[in-house]
Amino acid sequence: MNYLYNIRNNFMVVAVVLLATAFLSLFTSCNKDFPNTLRTEYPNDTANVKSGSRKVLYLILDGVRGELLETLQPPTLTLLRRNAISSYYGLTDYQTNTLTNAAAWGNMMTGVDYLKHNIIDESFTGNNIVNYPSIFTKIKEVNSKLKTVSIATSVAFNTNLAAQAGKKLDVATDAEVKDAVINELKVNEVDLIVGQFHSADAAAAAGGYEATNAAYTQAITNLDGYLGNIMTQLRSRPNYAKEDWMVVIASNKGGATTVPGSSDLGAFGDNQRNSFVLFYNPRFLSQQFTKPDASSFPFVGYAPNLIGVGAGTTGKNLIVANNNNVANFGTSGNFTLMFKVRFNNEPGSYPPIMGTQTVFNNTTNGWVIFANSGEGWNFKVRNTNQLAANAARKIFDGLWHTIAIQISTEGSDRKMQAFQDGVVVGTKATFTANATSTIPFTLGNVDGSGQAINVLLRDVAVYNVAIPDAQIPSIMRKSGVTATDPYYANLQAYYPLNETQGTALADATGKTTGMTYQGQALYTEFSELSKNVSPPISTATYKASMNNVDIPVQIYQWLNIQPSSSWNLDGKPWKLLYTDVRNN
């Protein structure tokens, strides 16, 4: 494959990961036209390339999961990335709809997601393509002189999204797509060629979207070979040196895997939405983008500041007044308690963080989680500590931490397992002490509880189920509990504790009593990077990553078509960096 050797002659640069905020300056408000990010002059250009000779080869790979490509490193795509802006962590979109091939095609052919194009499945029933047309329609409308071709294995693709293409070819196999694209490159003057390949998705649908599915990985290997054949032919065109081709290669979507992605990364952790996106030109500098680090987003907000000033003084606390059902763990049943805590100082001996005992160190029924400067924290039922003393649980560093208590029934035994920051702490303990209480659930210090304490608390959630060990770390790490969370229906109560004033703090589920601030209400504002908490990823962060809706915008600009704000596109253009060297 001659083009592979030519690619090796291009400048190689170190891959860079640009922070999301660096791109926000490109994203002008929706009532402004898109900035033109293309270069119009080429220093040291001996071939005298003009912008009017720009052409696009757009190859769509159904169902090829981006992160798997990173593992496989197929040779053609790996070499192309040396002169491309690309990402193994692109997003089909960042919505929550069930993804289908058609919905994904809609994103990458119209420049808007399903909330606008309304393409749900391959029937295209109820679509809104009239108001959000595909690139073929817009190109014909703006510059009818441009010659366009669509070659697809899926008839629904050509019928619905390529109706205005200058030429349409329906073929049966990916090999025929490859042959048809090569034939167009051999004999025809064309400005845009779109080729849609489906074999990888078909193999994955039958056996899974992961490396253990040999048929899937073989289909991807075959596709990479087809891409090599196509690139060889492209560079063999008689006028190639006077043409300026941008090659776009992108998967429409990924697919669900047996090992799910990271739930605290939102759409970045959804393997179905994981796409591969590449814009190649021999002049481009390599720009390679990865997904964000979950700990790189600040945990921001307000929290009640609970202060206990020592034995004999209640200080500030929160209580579920006139209700002793919340967090009453009794003598049977399964539960999970999760919360986030930040200590503003190192406490003295044994002040409670929360519990259902009014007087801390006694023999009354109930439970309490307390702090100890020498040993971190512990969970006690009645008068029995459930965790062995261990300084590894010390969390008095002024940072947010997450704690979870899982209570489960195994045969005739009741078990307790503790977690800190997503990691099991201590051994699973059997307990027989009575956790039944007539005292309301209380957060913060209580009368007679010992030394002073000064803490912030957030996201206190009580579930009526023992959440499995494997799922607790990702759930407890997330900031906030939403209706889409897997155990939302099992919530007995959920107190976000995100109020900024007043003495009433709501149960977000609406199932039970809210909490009441005892003492003068005090709320503290915070903004903190914490490796232990993953706040929701913002829309701005998603937009600053490579999305499939960006592809039409980039194609329009390459073909000297400036998208108008009236098109209401969701995508954005990317800044293309150049080597200033022409490889003929």
# chains A, B, ... in the order shown; residues from 1 in each chain; ligands from 1

call {"tool": "residues_around", "arguments": {"residues": "Gln95 (chain A)", "least_positions_apart": "6", "cutoff": "12 Å", "atoms": "only C-alpha atoms", "output": "list of chain:residue names"}}
result
A:Ala103, A:Ala104, A:Asn107, A:Val112, A:Asp113, A:Tyr114, A:Leu115, A:Lys116, A:Gly266, A:Ala267, A:Phe268, A:Asp270, A:Gln272, A:Arg273, A:Thr539, A:Tyr542, A:Lys543, A:Asn547

call {"tool": "write_last_selection", "arguments": {"atoms": "all heavy atoms", "output": "CSV table (one decimal), in the first residue's frame"}}
result
chain,number,residue,atom,x,y,z
A,103,ALA,N,-30.6,6.3,14.1
A,103,ALA,CA,-30.5,7.5,14.9
A,103,ALA,C,-29.0,8.0,14.9
A,103,ALA,O,-28.8,9.3,14.8
A,103,ALA,CB,-30.9,7.2,16.4
A,104,ALA,N,-28.1,7.1,14.9
A,104,ALA,CA,-26.6,7.5,14.8
A,104,ALA,C,-26.3,8.1,13.5
A,104,ALA,O,-25.6,9.1,13.4
A,104,ALA,CB,-25.8,6.3,15.2
A,107,ASN,N,-27.4,11.7,13.3
A,107,ASN,CA,-26.4,12.7,13.9
A,107,ASN,C,-25.3,13.1,13.0
A,107,ASN,O,-25.0,14.2,12.8
A,107,ASN,CB,-25.8,12.0,15.2
A,107,ASN,CG,-26.9,11.8,16.3
A,107,ASN,OD1,-28.0,12.1,16.1
A,107,ASN,ND2,-26.4,11.1,17.3
A,112,VAL,N,-27.3,17.4,13.7
A,112,VAL,CA,-28.1,17.6,14.9
A,112,VAL,C,-28.4,16.2,15.5
A,112,VAL,O,-28.3,15.2,14.8
A,112,VAL,CB,-29.4,18.3,14.6
A,112,VAL,CG1,-29.1,19.7,14.0
A,112,VAL,CG2,-30.3,17.6,13.7
A,113,ASP,N,-28.7,16.2,16.8
A,113,ASP,CA,-29.0,14.9,17.4
A,113,ASP,C,-30.5,14.6,17.3
A,113,ASP,O,-31.3,15.3,16.7
A,113,ASP,CB,-28.5,14.8,18.8
A,113,ASP,CG,-29.2,15.7,19.8
A,113,ASP,OD1,-30.4,16.0,19.6
A,113,ASP,OD2,-28.6,16.2,20.7
A,114,TYR,N,-30.9,13.4,17.9
A,114,TYR,CA,-32.3,12.9,17.7
A,114,TYR,C,-33.4,13.9,18.2
A,114,TYR,O,-34.5,13.8,17.8
A,114,TYR,CB,-32.4,11.5,18.3
A,114,TYR,CG,-32.9,11.6,19.7
A,114,TYR,CD1,-34.2,11.2,20.1
A,114,TYR,CD2,-32.0,11.9,20.7
A,114,TYR,CE1,-34.6,11.3,21.4
A,114,TYR,CE2,-32.4,11.9,22.1
A,114,TYR,CZ,-33.7,11.6,22.4
A,114,TYR,OH,-34.1,11.6,23.7
A,115,LEU,N,-33.0,14.7,19.2
A,115,LEU,CA,-34.0,15.7,19.7
A,115,LEU,C,-34.5,16.6,18.6
A,115,LEU,O,-35.6,17.1,18.7
A,115,LEU,CB,-33.4,16.5,20.8
A,115,LEU,CG,-33.0,15.7,22.1
A,115,LEU,CD1,-32.3,16.6,23.1
A,115,LEU,CD2,-34.3,15.1,22.7
A,116,LYS,N,-33.7,16.8,17.5
A,116,LYS,CA,-34.1,17.6,16.4
A,116,LYS,C,-34.5,16.8,15.2
A,116,LYS,O,-35.6,16.9,14.6
A,116,LYS,CB,-33.0,18.6,16.0
A,116,LYS,CG,-32.8,19.7,17.1
A,116,LYS,CD,-31.7,20.6,16.7
A,116,LYS,CE,-31.4,21.6,17.8
A,116,LYS,NZ,-30.2,22.5,17.5
A,266,GLY,N,-20.6,9.8,32.7
A,266,GLY,CA,-21.7,10.1,31.9
A,266,GLY,C,-21.6,9.4,30.5
A,266,GLY,O,-21.4,8.2,30.4
A,267,ALA,N,-21.9,10.2,29.5
A,267,ALA,CA,-21.9,9.6,28.1
A,267,ALA,C,-20.5,9.1,27.7
A,267,ALA,O,-20.4,8.2,26.9
A,267,ALA,CB,-22.3,10.7,27.1
A,268,PHE,N,-19.4,9.6,28.3
A,268,PHE,CA,-18.1,9.1,28.0
A,268,PHE,C,-18.0,7.6,28.5
A,268,PHE,O,-17.1,6.9,28.1
A,268,PHE,CB,-17.0,9.9,28.7
A,268,PHE,CG,-16.9,11.3,28.0
A,268,PHE,CD1,-17.3,12.4,28.7
A,268,PHE,CD2,-16.3,11.4,26.8
A,268,PHE,CE1,-17.1,13.7,28.1
A,268,PHE,CE2,-16.1,12.6,26.2
A,268,PHE,CZ,-16.5,13.8,26.9
A,270,ASP,N,-20.5,5.5,28.5
A,270,ASP,CA,-21.5,4.6,27.8
A,270,ASP,C,-20.9,4.0,26.5
A,270,ASP,O,-20.7,4.7,25.5
A,270,ASP,CB,-22.7,5.5,27.4
A,270,ASP,CG,-23.9,4.7,26.8
A,270,ASP,OD1,-23.7,3.5,26.5
A,270,ASP,OD2,-24.9,5.3,26.7
A,272,GLN,N,-22.1,2.3,24.3
A,272,GLN,CA,-22.9,2.4,23.1
A,272,GLN,C,-22.7,3.7,22.4
A,272,GLN,O,-22.9,3.8,21.2
A,272,GLN,CB,-24.4,2.3,23.5
A,272,GLN,CG,-24.8,1.0,24.1
A,272,GLN,CD,-26.2,0.9,24.5
A,272,GLN,OE1,-27.1,0.7,23.6
A,272,GLN,NE2,-26.5,1.1,25.7
A,273,ARG,N,-22.3,4.7,23.1
A,273,ARG,CA,-22.1,6.1,22.5
A,273,ARG,C,-20.6,6.4,22.2
A,273,ARG,O,-20.3,7.5,21.8
A,273,ARG,CB,-22.6,7.1,23.5
A,273,ARG,CG,-24.1,7.1,23.6
A,273,ARG,CD,-24.7,8.1,24.5
A,273,ARG,NE,-26.0,8.5,24.0
A,273,ARG,CZ,-27.1,7.7,24.0
A,273,ARG,NH1,-27.0,6.5,24.5
A,273,ARG,NH2,-28.2,8.2,23.5
A,539,THR,N,-22.6,20.0,29.9
A,539,THR,CA,-22.8,20.0,28.5
A,539,THR,C,-21.7,20.6,27.8
A,539,THR,O,-21.3,20.2,26.7
A,539,THR,CB,-24.1,20.7,28.2
A,539,THR,OG1,-25.3,20.0,28.8
A,539,THR,CG2,-24.4,20.8,26.7
A,542,TYR,N,-19.0,18.0,27.2
A,542,TYR,CA,-19.4,17.1,26.1
A,542,TYR,C,-19.2,17.8,24.8
A,542,TYR,O,-18.6,17.2,23.8
A,542,TYR,CB,-20.9,16.7,26.2
A,542,TYR,CG,-21.2,15.7,27.3
A,542,TYR,CD1,-22.3,15.9,28.2
A,542,TYR,CD2,-20.4,14.6,27.5
A,542,TYR,CE1,-22.6,15.0,29.2
A,542,TYR,CE2,-20.7,13.7,28.5
A,542,TYR,CZ,-21.8,13.9,29.3
A,542,TYR,OH,-22.1,13.0,30.3
A,543,LYS,N,-19.5,19.1,24.7
A,543,LYS,CA,-19.4,19.8,23.4
A,543,LYS,C,-17.9,20.0,23.1
A,543,LYS,O,-17.6,20.2,21.9
A,543,LYS,CB,-20.2,21.1,23.5
A,543,LYS,CG,-21.7,20.9,23.4
A,543,LYS,CD,-22.4,22.3,23.3
A,543,LYS,CE,-23.9,22.1,23.2
A,543,LYS,NZ,-24.6,23.4,23.1
A,547,ASN,N,-17.7,15.1,18.7
A,547,ASN,CA,-19.1,14.6,18.6
A,547,ASN,C,-19.4,14.3,17.1
A,547,ASN,O,-18.9,15.0,16.2
A,547,ASN,CB,-20.1,15.6,19.1
A,547,ASN,CG,-20.1,15.6,20.6
A,547,ASN,OD1,-21.0,15.1,21.3
A,547,ASN,ND2,-19.2,16.3,21.2

call {"tool": "residues_around", "arguments": {"residues": "Met354 (chain A)", "least_positions_apart": "3", "cutoff": "9 Å", "atoms": "only C-alpha atoms", "output": "PDB file with N, CA, C and O atoms, in the first residue's frame"}}
result
ATOM      1  N   GLN A 357     -28.991   7.225  67.700  1.00  0.00           N
ATOM      2  CA  GLN A 357     -28.839   7.192  69.143  1.00  0.00           C
ATOM      3  C   GLN A 357     -28.656   8.616  69.648  1.00  0.00           C
ATOM      4  O   GLN A 357     -27.797   9.344  69.153  1.00  0.00           O
ATOM      5  N   TRP A 367     -27.930   2.792  66.060  1.00  0.00           N
ATOM      6  CA  TRP A 367     -26.606   2.752  65.444  1.00  0.00           C
ATOM      7  C   TRP A 367     -26.052   4.163  65.339  1.00  0.00           C
ATOM      8  O   TRP A 367     -26.795   5.144  65.374  1.00  0.00           O
ATOM      9  N   VAL A 368     -24.748   4.259  65.138  1.00  0.00           N
ATOM     10  CA  VAL A 368     -24.101   5.554  64.984  1.00  0.00           C
ATOM     11  C   VAL A 368     -22.810   5.370  64.192  1.00  0.00           C
ATOM     12  O   VAL A 368     -22.136   4.344  64.295  1.00  0.00           O
ATOM     13  N   ILE A 369     -22.487   6.342  63.360  1.00  0.00           N
ATOM     14  CA  ILE A 369     -21.167   6.446  62.721  1.00  0.00           C
ATOM     15  C   ILE A 369     -20.452   7.594  63.412  1.00  0.00           C
ATOM     16  O   ILE A 369     -20.980   8.715  63.476  1.00  0.00           O
ATOM     17  N   PHE A 370     -19.279   7.329  63.940  1.00  0.00           N
ATOM     18  CA  PHE A 370     -18.571   8.335  64.712  1.00  0.00           C
ATOM     19  C   PHE A 370     -17.130   8.463  64.229  1.00  0.00           C
ATOM     20  O   PHE A 370     -16.601   7.599  63.521  1.00  0.00           O
ATOM     21  N   PHE A 441     -33.585   9.724  62.818  1.00  0.00           N
ATOM     22  CA  PHE A 441     -32.292   9.795  62.141  1.00  0.00           C
ATOM     23  C   PHE A 441     -31.738  11.205  62.295  1.00  0.00           C
ATOM     24  O   PHE A 441     -32.407  12.195  61.977  1.00  0.00           O
ATOM     25  N   THR A 442     -30.494  11.304  62.768  1.00  0.00           N
ATOM     26  CA  THR A 442     -29.876  12.598  63.057  1.00  0.00           C
ATOM     27  C   THR A 442     -28.513  12.685  62.391  1.00  0.00           C
ATOM     28  O   THR A 442     -27.732  11.740  62.421  1.00  0.00           O
ATOM     29  N   LEU A 443     -28.223  13.831  61.791  1.00  0.00           N
ATOM     30  CA  LEU A 443     -26.912  14.102  61.206  1.00  0.00           C
ATOM     31  C   LEU A 443     -26.194  15.108  62.083  1.00  0.00           C
ATOM     32  O   LEU A 443     -26.765  16.116  62.501  1.00  0.00           O
ATOM     33  N   GLY A 444     -24.931  14.852  62.352  1.00  0.00           N
ATOM     34  CA  GLY A 444     -24.153  15.771  63.153  1.00  0.00           C
ATOM     35  C   GLY A 444     -24.102  15.352  64.604  1.00  0.00           C
ATOM     36  O   GLY A 444     -24.476  14.244  64.979  1.00  0.00           O
ATOM     37  N   ASN A 445     -23.635  16.249  65.435  1.00  0.00           N
ATOM     38  CA  ASN A 445     -23.395  15.937  66.842  1.00  0.00           C
ATOM     39  C   ASN A 445     -24.700  15.803  67.623  1.00  0.00           C
ATOM     40  O   ASN A 445     -25.740  16.333  67.236  1.00  0.00           O
ATOM     41  N   VAL A 446     -24.630  15.074  68.721  1.00  0.00           N
ATOM     42  CA  VAL A 446     -25.789  14.911  69.592  1.00  0.00           C
ATOM     43  C   VAL A 446     -25.346  15.137  71.031  1.00  0.00           C
ATOM     44  O   VAL A 446     -24.161  15.087  71.358  1.00  0.00           O
TER      45      VAL A 446
END

call {"tool": "residues_around", "arguments": {"residues": "Ala156 (chain A)", "least_positions_apart": "2", "cutoff": "9 Å", "atoms": "only C-alpha atoms", "output": "VMD selection string"}}
result
chain A and resid 102 122 to 124 152 to 154 158 to 161

call {"tool": "closest_residue", "arguments": {"among": "A:Ile120, A:Val277, A:Ala461, A:Ile475", "to": "Tyr495 (chain A)", "atoms": "only C-alpha atoms"}}
result
A:Ala461

call {"tool": "closest_atom_pairs", "arguments": {"of": "region 234-335 of chain A", "to": "region 65-79 of chain A", "cutoff": "9 Å", "atoms": "only C-alpha atoms", "output": "JSON lines"}}
result
{"residue": "A:Ile249", "atom": "CA", "partner": "A:Leu77", "partner_atom": "CA", "distance": 8.8}
{"residue": "A:Ser251", "atom": "CA", "partner": "A:Arg65", "partner_atom": "CA", "distance": 7.1}
{"residue": "A:Asn252", "atom": "CA", "partner": "A:Arg65", "partner_atom": "CA", "distance": 8.9}
{"residue": "A:Lys253", "atom": "CA", "partner": "A:Arg65", "partner_atom": "CA", "distance": 6.6}
{"residue": "A:Gly254", "atom": "CA", "partner": "A:Arg65", "partner_atom": "CA", "distance": 4.1}
{"residue": "A:Gly255", "atom": "CA", "partner": "A:Arg65", "partner_atom": "CA", "distance": 6.7}
{"residue": "A:Asn271", "atom": "CA", "partner": "A:Arg65", "partner_atom": "CA", "distance": 7.3}
{"residue": "A:Gln272", "atom": "CA", "partner": "A:Arg65", "partner_atom": "CA", "distance": 7.8}
{"residue": "A:Arg273", "atom": "CA", "partner": "A:Arg65", "partner_atom": "CA", "distance": 8.3}
{"residue": "A:Asn274", "atom": "CA", "partner": "A:Gly66", "partner_atom": "CA", "distance": 5.7}
{"residue": "A:Ser275", "atom": "CA", "partner": "A:Gly66", "partner_atom": "CA", "distance": 4.7}
{"residue": "A:Phe276", "atom": "CA", "partner": "A:Gly66", "partner_atom": "CA", "distance": 4.4}
{"residue": "A:Val277", "atom": "CA", "partner": "A:Gly66", "partner_atom": "CA", "distance": 8.1}
{"residue": "A:Leu278", "atom": "CA", "partner": "A:Leu77", "partner_atom": "CA", "distance": 8.8}

call {"tool": "write_last_selection", "arguments": {"atoms": "N, CA and C atoms", "output": "mmCIF file, in the first residue's frame"}}
result
data_model
loop_
_atom_site.group_PDB
_atom_site.id
_atom_site.type_symbol
_atom_site.label_atom_id
_atom_site.label_comp_id
_atom_site.auth_asym_id
_atom_site.auth_seq_id
_atom_site.Cartn_x
_atom_site.Cartn_y
_atom_site.Cartn_z
ATOM 1 N N ILE A 249 -13.254 9.548 8.559
ATOM 2 C CA ILE A 249 -13.588 8.166 8.895
ATOM 3 C C ILE A 249 -14.176 8.188 10.294
ATOM 4 N N SER A 251 -17.056 6.060 13.152
ATOM 5 C CA SER A 251 -18.061 5.052 13.466
ATOM 6 C C SER A 251 -19.353 5.760 13.860
ATOM 7 N N ASN A 252 -20.471 5.142 13.488
ATOM 8 C CA ASN A 252 -21.739 5.797 13.835
ATOM 9 C C ASN A 252 -22.048 5.654 15.323
ATOM 10 N N LYS A 253 -21.623 4.536 15.929
ATOM 11 C CA LYS A 253 -21.870 4.287 17.348
ATOM 12 C C LYS A 253 -20.983 3.129 17.793
ATOM 13 N N GLY A 254 -21.024 2.818 19.087
ATOM 14 C CA GLY A 254 -20.384 1.620 19.606
ATOM 15 C C GLY A 254 -21.448 0.594 19.925
ATOM 16 N N GLY A 255 -21.335 -0.021 21.094
ATOM 17 C CA GLY A 255 -22.325 -1.010 21.502
ATOM 18 C C GLY A 255 -22.100 -1.430 22.936
ATOM 19 N N ASN A 271 -20.591 2.748 26.561
ATOM 20 C CA ASN A 271 -19.924 2.108 25.421
ATOM 21 C C ASN A 271 -20.763 2.141 24.147
ATOM 22 N N GLN A 272 -22.068 2.305 24.277
ATOM 23 C CA GLN A 272 -22.912 2.416 23.082
ATOM 24 C C GLN A 272 -22.675 3.735 22.369
ATOM 25 N N ARG A 273 -22.260 4.750 23.105
ATOM 26 C CA ARG A 273 -22.066 6.082 22.530
ATOM 27 C C ARG A 273 -20.605 6.362 22.192
ATOM 28 N N ASN A 274 -19.772 5.368 22.334
ATOM 29 C CA ASN A 274 -18.343 5.527 22.081
ATOM 30 C C ASN A 274 -18.050 5.358 20.588
ATOM 31 N N SER A 275 -17.669 6.448 19.940
ATOM 32 C CA SER A 275 -17.384 6.404 18.507
ATOM 33 C C SER A 275 -15.919 6.749 18.242
ATOM 34 N N PHE A 276 -15.495 6.466 17.031
ATOM 35 C CA PHE A 276 -14.180 6.862 16.552
ATOM 36 C C PHE A 276 -14.385 7.936 15.505
ATOM 37 N N VAL A 277 -13.621 9.028 15.588
ATOM 38 C CA VAL A 277 -13.745 10.134 14.633
ATOM 39 C C VAL A 277 -12.354 10.526 14.168
ATOM 40 N N LEU A 278 -12.209 10.709 12.852
ATOM 41 C CA LEU A 278 -10.912 11.085 12.284
ATOM 42 C C LEU A 278 -11.118 11.997 11.086
#

call {"tool": "closest_residue", "arguments": {"among": "A:Gly269, A:Gly90, A:Gly195, A:Pro260", "to": "Ile230 (chain A)", "atoms": "only C-alpha atoms"}}
result
A:Gly195

call {"tool": "closest_residue", "arguments": {"among": "A:Gln554, A:Ser296, A:Thr100, A:Thr331", "to": "Ser530 (chain A)", "atoms": "only C-alpha atoms"}}
result
A:Ser296

call {"tool": "closest_residue", "arguments": {"among": "A:Lys511, A:Arg54, A:His117, A:Arg477", "to": "Leu559 (chain A)", "atoms": "only C-alpha atoms"}}
result
A:Arg54

call {"tool": "residues_around", "arguments": {"residues": "Asn334 (chain A)", "least_positions_apart": "3", "cutoff": "8 Å", "atoms": "only C-alpha atoms", "output": "NGL selection string"}}
result
:A and (406-409 or 464-466)

call {"tool": "decode", "arguments": {"residues": "region 225-233 of chain A", "atoms": "all heavy atoms", "output": "compact mmCIF listing (two decimals), in the first residue's frame"}}
result
# COMPACT_ATOMS: atom_id res chain seq x y z
N GLY A 225 -8.39 -3.00 6.18
CA GLY A 225 -7.78 -3.34 4.90
C GLY A 225 -8.47 -2.62 3.75
O GLY A 225 -7.80 -2.12 2.82
N TYR A 226 -9.81 -2.55 3.80
CA TYR A 226 -10.56 -1.82 2.76
C TYR A 226 -10.15 -0.34 2.75
O TYR A 226 -10.00 0.27 1.68
CB TYR A 226 -12.05 -1.93 3.00
CG TYR A 226 -12.63 -3.32 2.88
CD1 TYR A 226 -13.87 -3.62 3.43
CD2 TYR A 226 -11.96 -4.34 2.21
CE1 TYR A 226 -14.42 -4.89 3.33
CE2 TYR A 226 -12.49 -5.61 2.10
CZ TYR A 226 -13.73 -5.89 2.66
OH TYR A 226 -14.27 -7.14 2.55
N LEU A 227 -10.00 0.22 3.94
CA LEU A 227 -9.58 1.63 4.02
C LEU A 227 -8.21 1.82 3.40
O LEU A 227 -7.96 2.82 2.71
CB LEU A 227 -9.56 2.09 5.48
CG LEU A 227 -10.89 2.07 6.24
CD1 LEU A 227 -10.69 2.49 7.69
CD2 LEU A 227 -11.92 2.96 5.57
N GLY A 228 -7.31 0.87 3.60
CA GLY A 228 -6.00 0.94 2.98
C GLY A 228 -6.09 0.89 1.46
O GLY A 228 -5.42 1.66 0.76
N ASN A 229 -6.95 0.00 0.92
CA ASN A 229 -7.15 -0.08 -0.53
C ASN A 229 -7.69 1.24 -1.07
O ASN A 229 -7.24 1.74 -2.12
CB ASN A 229 -8.14 -1.18 -0.87
CG ASN A 229 -7.69 -2.57 -0.43
OD1 ASN A 229 -8.52 -3.42 -0.12
ND2 ASN A 229 -6.38 -2.81 -0.39
N ILE A 230 -8.64 1.83 -0.37
CA ILE A 230 -9.26 3.08 -0.81
C ILE A 230 -8.23 4.22 -0.79
O ILE A 230 -8.15 5.02 -1.74
CB ILE A 230 -10.47 3.41 0.07
CG1 ILE A 230 -11.61 2.41 -0.22
CG2 ILE A 230 -10.95 4.84 -0.17
CD1 ILE A 230 -12.76 2.49 0.77
N MET A 231 -7.43 4.28 0.28
CA MET A 231 -6.45 5.36 0.36
C MET A 231 -5.38 5.23 -0.72
O MET A 231 -4.92 6.24 -1.29
CB MET A 231 -5.79 5.35 1.75
CG MET A 231 -6.71 5.78 2.89
SD MET A 231 -7.36 7.45 2.71
CE MET A 231 -5.87 8.43 2.65
N THR A 232 -5.00 4.02 -1.04
CA THR A 232 -4.04 3.81 -2.12
C THR A 232 -4.59 4.35 -3.43
O THR A 232 -3.89 5.04 -4.20
CB THR A 232 -3.70 2.33 -2.26
OG1 THR A 232 -3.08 1.87 -1.06
CG2 THR A 232 -2.75 2.08 -3.43
N GLN A 233 -5.85 4.06 -3.71
CA GLN A 233 -6.46 4.55 -4.95
C GLN A 233 -6.62 6.06 -4.94
O GLN A 233 -6.40 6.73 -5.96
CB GLN A 233 -7.83 3.89 -5.16
CG GLN A 233 -8.51 4.29 -6.45
CD GLN A 233 -7.65 4.00 -7.67
OE1 GLN A 233 -7.16 2.88 -7.84
NE2 GLN A 233 -7.43 5.00 -8.52
